Structures are given as structure tokens and as C-alpha cells.
file upload20.cif (mmCIF, C-alpha atoms)
data_structure
loop_
_atom_site.group_PDB
_atom_site.id
_atom_site.type_symbol
_atom_site.label_atom_id
_atom_site.label_comp_id
_atom_site.auth_asym_id
_atom_site.auth_seq_id
_atom_site.Cartn_x
_atom_site.Cartn_y
_atom_site.Cartn_z
ATOM 1 C CA MET A 1 -4.824 3.789 1.436
ATOM 2 C CA THR A 2 -8.364 2.693 0.682
ATOM 3 C CA ILE A 3 -10.351 1.966 3.818
ATOM 4 C CA LEU A 4 -13.867 0.598 3.544
ATOM 5 C CA THR A 5 -16.503 1.503 6.085
ATOM 6 C CA PRO A 6 -18.474 -1.282 7.747
ATOM 7 C CA GLU A 7 -21.475 -0.111 5.741
ATOM 8 C CA GLN A 8 -19.557 -0.415 2.469
ATOM 9 C CA ILE A 9 -18.399 -3.905 3.395
ATOM 10 C CA ALA A 10 -21.990 -4.874 4.182
ATOM 11 C CA GLN A 11 -23.097 -3.519 0.795
ATOM 12 C CA TYR A 12 -20.356 -5.463 -1.028
ATOM 13 C CA ARG A 13 -21.328 -8.601 0.920
ATOM 14 C CA SER A 14 -24.880 -8.140 -0.292
ATOM 15 C CA GLU A 15 -23.837 -7.609 -3.907
ATOM 16 C CA LEU A 16 -21.385 -10.534 -3.918
ATOM 17 C CA ALA A 17 -23.380 -12.869 -1.653
ATOM 18 C CA SER A 18 -23.493 -15.657 -4.221
ATOM 19 C CA ASP A 19 -19.731 -16.177 -4.255
ATOM 20 C CA PRO A 20 -17.939 -17.687 -1.245
ATOM 21 C CA GLU A 21 -14.493 -16.583 -2.466
ATOM 22 C CA ALA A 22 -15.655 -12.985 -2.720
ATOM 23 C CA LEU A 23 -17.036 -13.179 0.793
ATOM 24 C CA ALA A 24 -13.739 -14.645 2.027
ATOM 25 C CA ALA A 25 -11.923 -11.692 0.465
ATOM 26 C CA LEU A 26 -14.215 -9.330 2.360
ATOM 27 C CA ASP A 27 -13.448 -11.283 5.559
ATOM 28 C CA GLU A 28 -9.764 -10.564 4.908
ATOM 29 C CA VAL A 29 -10.505 -6.866 4.401
ATOM 30 C CA GLU A 30 -12.182 -6.807 7.797
ATOM 31 C CA ALA A 31 -9.233 -8.698 9.354
ATOM 32 C CA CYS A 32 -6.937 -6.008 7.922
ATOM 33 C CA ASP A 33 -8.792 -3.153 9.617
ATOM 34 C CA ASN A 34 -10.918 -2.612 6.493
ATOM 35 C CA SER A 35 -7.891 -1.805 4.294
ATOM 36 C CA LEU A 36 -8.134 -2.979 0.685
ATOM 37 C CA GLU A 37 -4.384 -2.629 0.163
ATOM 38 C CA ASP A 38 -3.438 -4.633 3.242
ATOM 39 C CA ALA A 39 -5.924 -7.383 2.403
ATOM 40 C CA ALA A 40 -4.648 -7.544 -1.182
ATOM 41 C CA GLU A 41 -1.075 -7.899 0.070
ATOM 42 C CA VAL A 42 -1.997 -10.743 2.437
ATOM 43 C CA LEU A 43 -4.011 -12.576 -0.231
ATOM 44 C CA ALA A 44 -1.385 -12.008 -2.927
ATOM 45 C CA ILE A 45 1.370 -13.414 -0.739
ATOM 46 C CA GLU A 46 -0.831 -16.391 0.195
ATOM 47 C CA SER A 47 -1.364 -16.955 -3.549
ATOM 48 C CA GLY A 48 2.383 -17.018 -4.190
ATOM 49 C CA TYR A 49 2.952 -13.506 -5.494
ATOM 50 C CA THR A 50 5.987 -11.660 -4.228
ATOM 51 C CA LYS A 51 6.675 -7.956 -4.219
ATOM 52 C CA SER A 52 9.512 -8.425 -6.708
ATOM 53 C CA THR A 53 7.399 -10.407 -9.175
ATOM 54 C CA LEU A 54 4.239 -8.369 -8.932
ATOM 55 C CA ALA A 55 4.688 -4.817 -7.747
ATOM 56 C CA GLU A 56 7.278 -2.150 -8.252
ATOM 57 C CA SER A 57 8.560 -0.484 -5.120
ATOM 58 C CA ASP A 58 6.230 2.482 -5.470
ATOM 59 C CA GLN A 59 3.083 0.439 -6.109
ATOM 60 C CA SER A 60 0.982 -1.605 -3.723
ATOM 61 C CA TYR A 61 -0.015 -5.130 -4.625
ATOM 62 C CA LEU A 62 -3.545 -3.848 -5.184
ATOM 63 C CA ASP A 63 -2.417 -1.079 -7.530
ATOM 64 C CA LYS A 64 -0.312 -3.475 -9.575
ATOM 65 C CA LEU A 65 -3.104 -6.080 -9.828
ATOM 66 C CA THR A 66 -5.566 -3.364 -10.799
ATOM 67 C CA GLU A 67 -3.189 -2.095 -13.469
ATOM 68 C CA LYS A 68 -2.714 -5.623 -14.841
ATOM 69 C CA ALA A 69 -6.501 -5.907 -15.160
ATOM 70 C CA ARG A 70 -6.974 -2.527 -16.875
ATOM 71 C CA LYS A 71 -7.729 -3.934 -20.328
ATOM 72 C CA VAL A 72 -10.361 -6.357 -19.022
ATOM 73 C CA ILE A 73 -11.917 -3.723 -16.785
ATOM 74 C CA CYS A 74 -12.124 -1.029 -19.438
ATOM 75 C CA SER A 75 -13.414 -3.335 -22.172
ATOM 76 C CA LYS A 76 -15.977 -5.317 -20.186
ATOM 77 C CA TYR A 77 -17.388 -3.192 -17.360
ATOM 78 C CA THR A 78 -21.159 -2.782 -17.616
ATOM 79 C CA GLY A 79 -21.852 -1.001 -14.349
ATOM 80 C CA ASP A 80 -22.470 -4.147 -12.295
ATOM 81 C CA LEU A 81 -19.963 -5.095 -9.568
ATOM 82 C CA LEU A 82 -20.823 -8.801 -9.713
ATOM 83 C CA GLU A 83 -20.314 -8.870 -13.474
ATOM 84 C CA LEU A 84 -16.989 -7.055 -13.132
ATOM 85 C CA PHE A 85 -15.898 -9.543 -10.476
ATOM 86 C CA LYS A 86 -16.888 -12.471 -12.733
ATOM 87 C CA ASP A 87 -15.058 -10.959 -15.715
ATOM 88 C CA LEU A 88 -11.912 -10.456 -13.666
ATOM 89 C CA ARG A 89 -12.159 -13.956 -12.264
ATOM 90 C CA ASP A 90 -12.666 -15.443 -15.730
ATOM 91 C CA PHE A 91 -10.174 -13.382 -17.737
ATOM 92 C CA MET A 92 -7.328 -12.644 -15.328
ATOM 93 C CA PRO A 93 -4.720 -15.082 -14.046
ATOM 94 C CA PHE A 94 -5.130 -14.161 -10.391
ATOM 95 C CA PRO A 95 -7.440 -15.908 -7.882
ATOM 96 C CA ALA A 96 -11.044 -14.915 -7.295
ATOM 97 C CA ASN A 97 -10.317 -13.424 -3.889
ATOM 98 C CA LEU A 98 -7.905 -10.950 -5.511
ATOM 99 C CA ALA A 99 -10.367 -10.330 -8.361
ATOM 100 C CA THR A 100 -12.861 -9.263 -5.704
ATOM 101 C CA LEU A 101 -10.506 -6.674 -4.261
ATOM 102 C CA VAL A 102 -9.554 -5.369 -7.703
ATOM 103 C CA ALA A 103 -13.242 -5.000 -8.627
ATOM 104 C CA ILE A 104 -13.948 -3.103 -5.416
ATOM 105 C CA ASN A 105 -10.867 -0.935 -5.898
ATOM 106 C CA VAL A 106 -11.934 0.063 -9.386
ATOM 107 C CA THR A 107 -15.462 0.877 -8.299
ATOM 108 C CA LYS A 108 -14.038 3.026 -5.485
ATOM 109 C CA ILE A 109 -11.778 4.878 -7.965
ATOM 110 C CA GLY A 110 -14.617 5.135 -10.443
ATOM 111 C CA VAL A 111 -14.446 2.951 -13.529
ATOM 112 C CA HIS A 112 -14.843 5.805 -15.984
ATOM 113 C CA LYS A 113 -12.126 7.826 -14.252
ATOM 114 C CA PHE A 114 -9.865 4.749 -14.134
ATOM 115 C CA CYS A 115 -10.377 3.979 -17.835
ATOM 116 C CA GLU A 116 -10.043 7.630 -18.901
ATOM 117 C CA SER A 117 -6.692 7.809 -17.119
ATOM 118 C CA SER A 118 -5.436 4.968 -19.316
ATOM 119 C CA GLU A 119 -6.564 6.805 -22.445
ATOM 120 C CA SER A 120 -4.763 9.988 -21.434
ATOM 121 C CA GLU A 121 -1.553 8.012 -20.784
ATOM 122 C CA ALA A 122 -1.704 6.270 -24.184
#

call {"tool": "encode", "arguments": {"input": "upload20.cif", "output": "C-alpha cells"}}
result
Amino acid sequence: MTILTPEQIAQYRSELASDPEALAALDEVEACDNSLEDAAEVLAIESGYTKSTLAESDQSYLDKLTEKARKVICSKYTGDLLELFKDLRDFMPFPANLATLVAINVTKIGVHKFCESSESEA
């Protein structure tokens, strides 16, 4: 489970300050005891996703959303969290609040590590 520290949340708030939906997603992370996975599940369910339509039994909502965004992430990431968030928001079918959590998740994993893992699986 990915838990953000209060300092990390403050940093993400600073980086994403221009987008109210991103800030709302961070509010949900805080409401979920700073857990990215729990916040993603709450927001996904609120957006109409169900476990059966989105995630396999062994994957969290966040993992499944991140996997669905792999192509966009690995082809567009420039090193800037705000740009990654905007790309996910613009090119993925899920809401901006979920795009925020996916962007944070990938930066926590490490974008290069995340994208290299897709190459080794291909």
C-alpha cells in the first residue's frame, strides 16, 4: 500500500495548485489516512467504476488504472508531474481526480522503472 507523508502531500499540493480537481483528489488521500490505493478506490466507485469492470481480484483500483494508462505515461512523460497529470487527464477516459492519483502513483514507483517493466514484459 502506498502511503504519502504529510510532507509529500504538501509538495503535491504545491505542484498541482492550479487544478482544483487535483487538489480534491489530494483531499481524498488525506481522508483515507494518506493511502493512494484507498483514495483511488473511493474516487473510482464515485465515478461509477466497479471492481468487476475495472480491476481483477489481485489488483487494486489504482494498479489497474495505472496499467490502463501505461501507454500514455511511457510515451508522454517529460519529468514534470503537472504535465503528466494533464496528459492523463486529456488522453485517458477516467476523471481528473483519478488521473491525479495515477500520476502520483507512477512518480512514486519511478516512471523509468514503471516503463522499463512494460518493456521487459513485452

call {"tool": "residues_around", "arguments": {"input": "upload20.cif", "residues": "Asp33 of chain A", "least_positions_apart": "5", "cutoff": "10 Å", "atoms": "all atoms listed in the file", "output": "list in words"}}
result
Ile3, Leu4, Thr5, Glu28, Asp38 and Ala39 of chain A

call {"tool": "closest_residue", "arguments": {"input": "upload20.cif", "among": "A:Val29, A:Leu84, A:Ala24, A:Cys115", "to": "Gln8 of chain A", "atoms": "only C-alpha atoms"}}
result
A:Val29

call {"tool": "atom_distance", "arguments": {"input": "upload20.cif", "atom1": "atom CA of Tyr49 of chain A", "atom2": "atom CA of Tyr61 of chain A"}}
result
8.9 Å

call {"tool": "closest_residue", "arguments": {"input": "upload20.cif", "among": "A:Leu36, A:Cys74, A:Ile109, A:Ala99", "to": "Lys86 of chain A", "atoms": "all atoms listed in the file"}}
result
A:Ala99

call {"tool": "resolve_selection", "arguments": {"input": "upload20.cif", "expression": "the PyMOL selection byres ((chain A and resi 88) around 9)", "output": "number ranges by chain"}}
result
A: 69, 72-73, 83-87, 89-94, 96, 99-100, 102-103

call {"tool": "write_last_selection", "arguments": {"input": "upload20.cif", "atoms": "C-alpha atoms", "output": "mmCIF file, in the coordinates of the input"}}
result
data_model
loop_
_atom_site.group_PDB
_atom_site.id
_atom_site.type_symbol
_atom_site.label_atom_id
_atom_site.label_comp_id
_atom_site.auth_asym_id
_atom_site.auth_seq_id
_atom_site.Cartn_x
_atom_site.Cartn_y
_atom_site.Cartn_z
ATOM 1 C CA ALA A 69 -6.501 -5.907 -15.160
ATOM 2 C CA VAL A 72 -10.361 -6.357 -19.022
ATOM 3 C CA ILE A 73 -11.917 -3.723 -16.785
ATOM 4 C CA GLU A 83 -20.314 -8.870 -13.474
ATOM 5 C CA LEU A 84 -16.989 -7.055 -13.132
ATOM 6 C CA PHE A 85 -15.898 -9.543 -10.476
ATOM 7 C CA LYS A 86 -16.888 -12.471 -12.733
ATOM 8 C CA ASP A 87 -15.058 -10.959 -15.715
ATOM 9 C CA ARG A 89 -12.159 -13.956 -12.264
ATOM 10 C CA ASP A 90 -12.666 -15.443 -15.730
ATOM 11 C CA PHE A 91 -10.174 -13.382 -17.737
ATOM 12 C CA MET A 92 -7.328 -12.644 -15.328
ATOM 13 C CA PRO A 93 -4.720 -15.082 -14.046
ATOM 14 C CA PHE A 94 -5.130 -14.161 -10.391
ATOM 15 C CA ALA A 96 -11.044 -14.915 -7.295
ATOM 16 C CA ALA A 99 -10.367 -10.330 -8.361
ATOM 17 C CA THR A 100 -12.861 -9.263 -5.704
ATOM 18 C CA VAL A 102 -9.554 -5.369 -7.703
ATOM 19 C CA ALA A 103 -13.242 -5.000 -8.627
#

call {"tool": "atom_distance", "arguments": {"input": "upload20.cif", "atom1": "atom CA of Ala40 of chain A", "atom2": "atom CA of Glu21 of chain A"}}
result
13.4 Å

call {"tool": "atom_distance", "arguments": {"input": "upload20.cif", "atom1": "atom CA of Ala25 of chain A", "atom2": "atom CA of Ala10 of chain A"}}
result
12.7 Å
